[in-house]
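Accompanying notes for the structure given below.
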Amino acid sequence: MRCVIARYPFDLTKAGVLASMKGVRPELVTGESVTIGRRRYPVMQVGQVITRQDRRDFTVGEVTRALARLGFTCHDRPEAAPVGVGTPLGTASALFGGTGSVGV
């Protein structure tokens with residue numbers, strides 16, 4: 001499939017993207033992401049690998065559109081945990097009348 005990323009044309013295939021990402025360790029996902037194989041990668045990391053360009057040269061939208069057209073599952077930015085949600089230890093401790101702090 002022919003697509004334009006950062007004003008440069010690329011001929012991308014699903015098999016080609018899979019081959020490019022094989023052996024690449026996913027970075028921590030903090031924004032938009034894409035599932036490739038059994039792993040979830042940040043979209044910008046995938047864009048850098050498949051285009052061999054600096055991440056500042058393209059946008060998340062360009063890469064997401066191309067990957068979605070190839071049939072990959074793209075994910076929006078993960079939501080932050082709601083405020084006031086405690087840890088399992090804090091929740092269990094609160095149920096038994098504790099403060100939720102360890103060693104207090």
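Identifiers in the structure tokens: chain A, B, ... in order shown; residue index from 1 per chain; ligand index from 1 in order shown.
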Residues near Leu70 (chain A), cut-off 10 Å, only C-alpha atoms, skip fewer than 2 positions along chain, as a PyMOL selection string: chain A and resi 1+12-15+17+64-68+72-73
Select, from A:Gly37, A:Pro42, A:Pro78, A:Gly61, the residue with the minimum atom-to-atom distance to Ala19 (chain A), counting only C-alpha atoms.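 Answer, going by the shortest atom-to-atom distance: A:Gly37.
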Looking at A:Val46, A:Val63, A:Ala6, A:Cys74, which one is nearest to Arg25 (chain A), with distances taken over only C-alpha atoms?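 Of the candidates, the smallest distance to Arg25 (chain A) is held by A:Val46.
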Residue with the minimum atom-to-atom distance to Glu27 (chain A), picked from A:Val43, A:Val60, A:Val4, A:Ile50 with only C-alpha atoms counted, is A:Val43
CA of Arg38 (chain A) and CA of Glu62 (chain A), how far apart in Å?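 Computed distance, CA of Glu62 (chain A) to CA of Arg38 (chain A), equals 22.6 Å.
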Atomic separation - CA of Ser33 (chain A) relative to CA of His75 (chain A), Å: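 Between CA of His75 (chain A) and CA of Ser33 (chain A) the gap is 5.1 Å.
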With distances taken over only C-alpha atoms, which residue among A:Glu32, A:Cys3, A:Pro26, A:Tyr8 lies nearest Val49 (chain A)?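 Nearest candidate to Val49 (chain A) out of A:Glu32, A:Cys3, A:Pro26, A:Tyr8: A:Pro26.
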Filtered DSSP result for region 12-77 of chain A, state helix (DSSP H, G or I), as a PyMOL selection string: chain A and resi 14-21+43-51+55-57+60-70
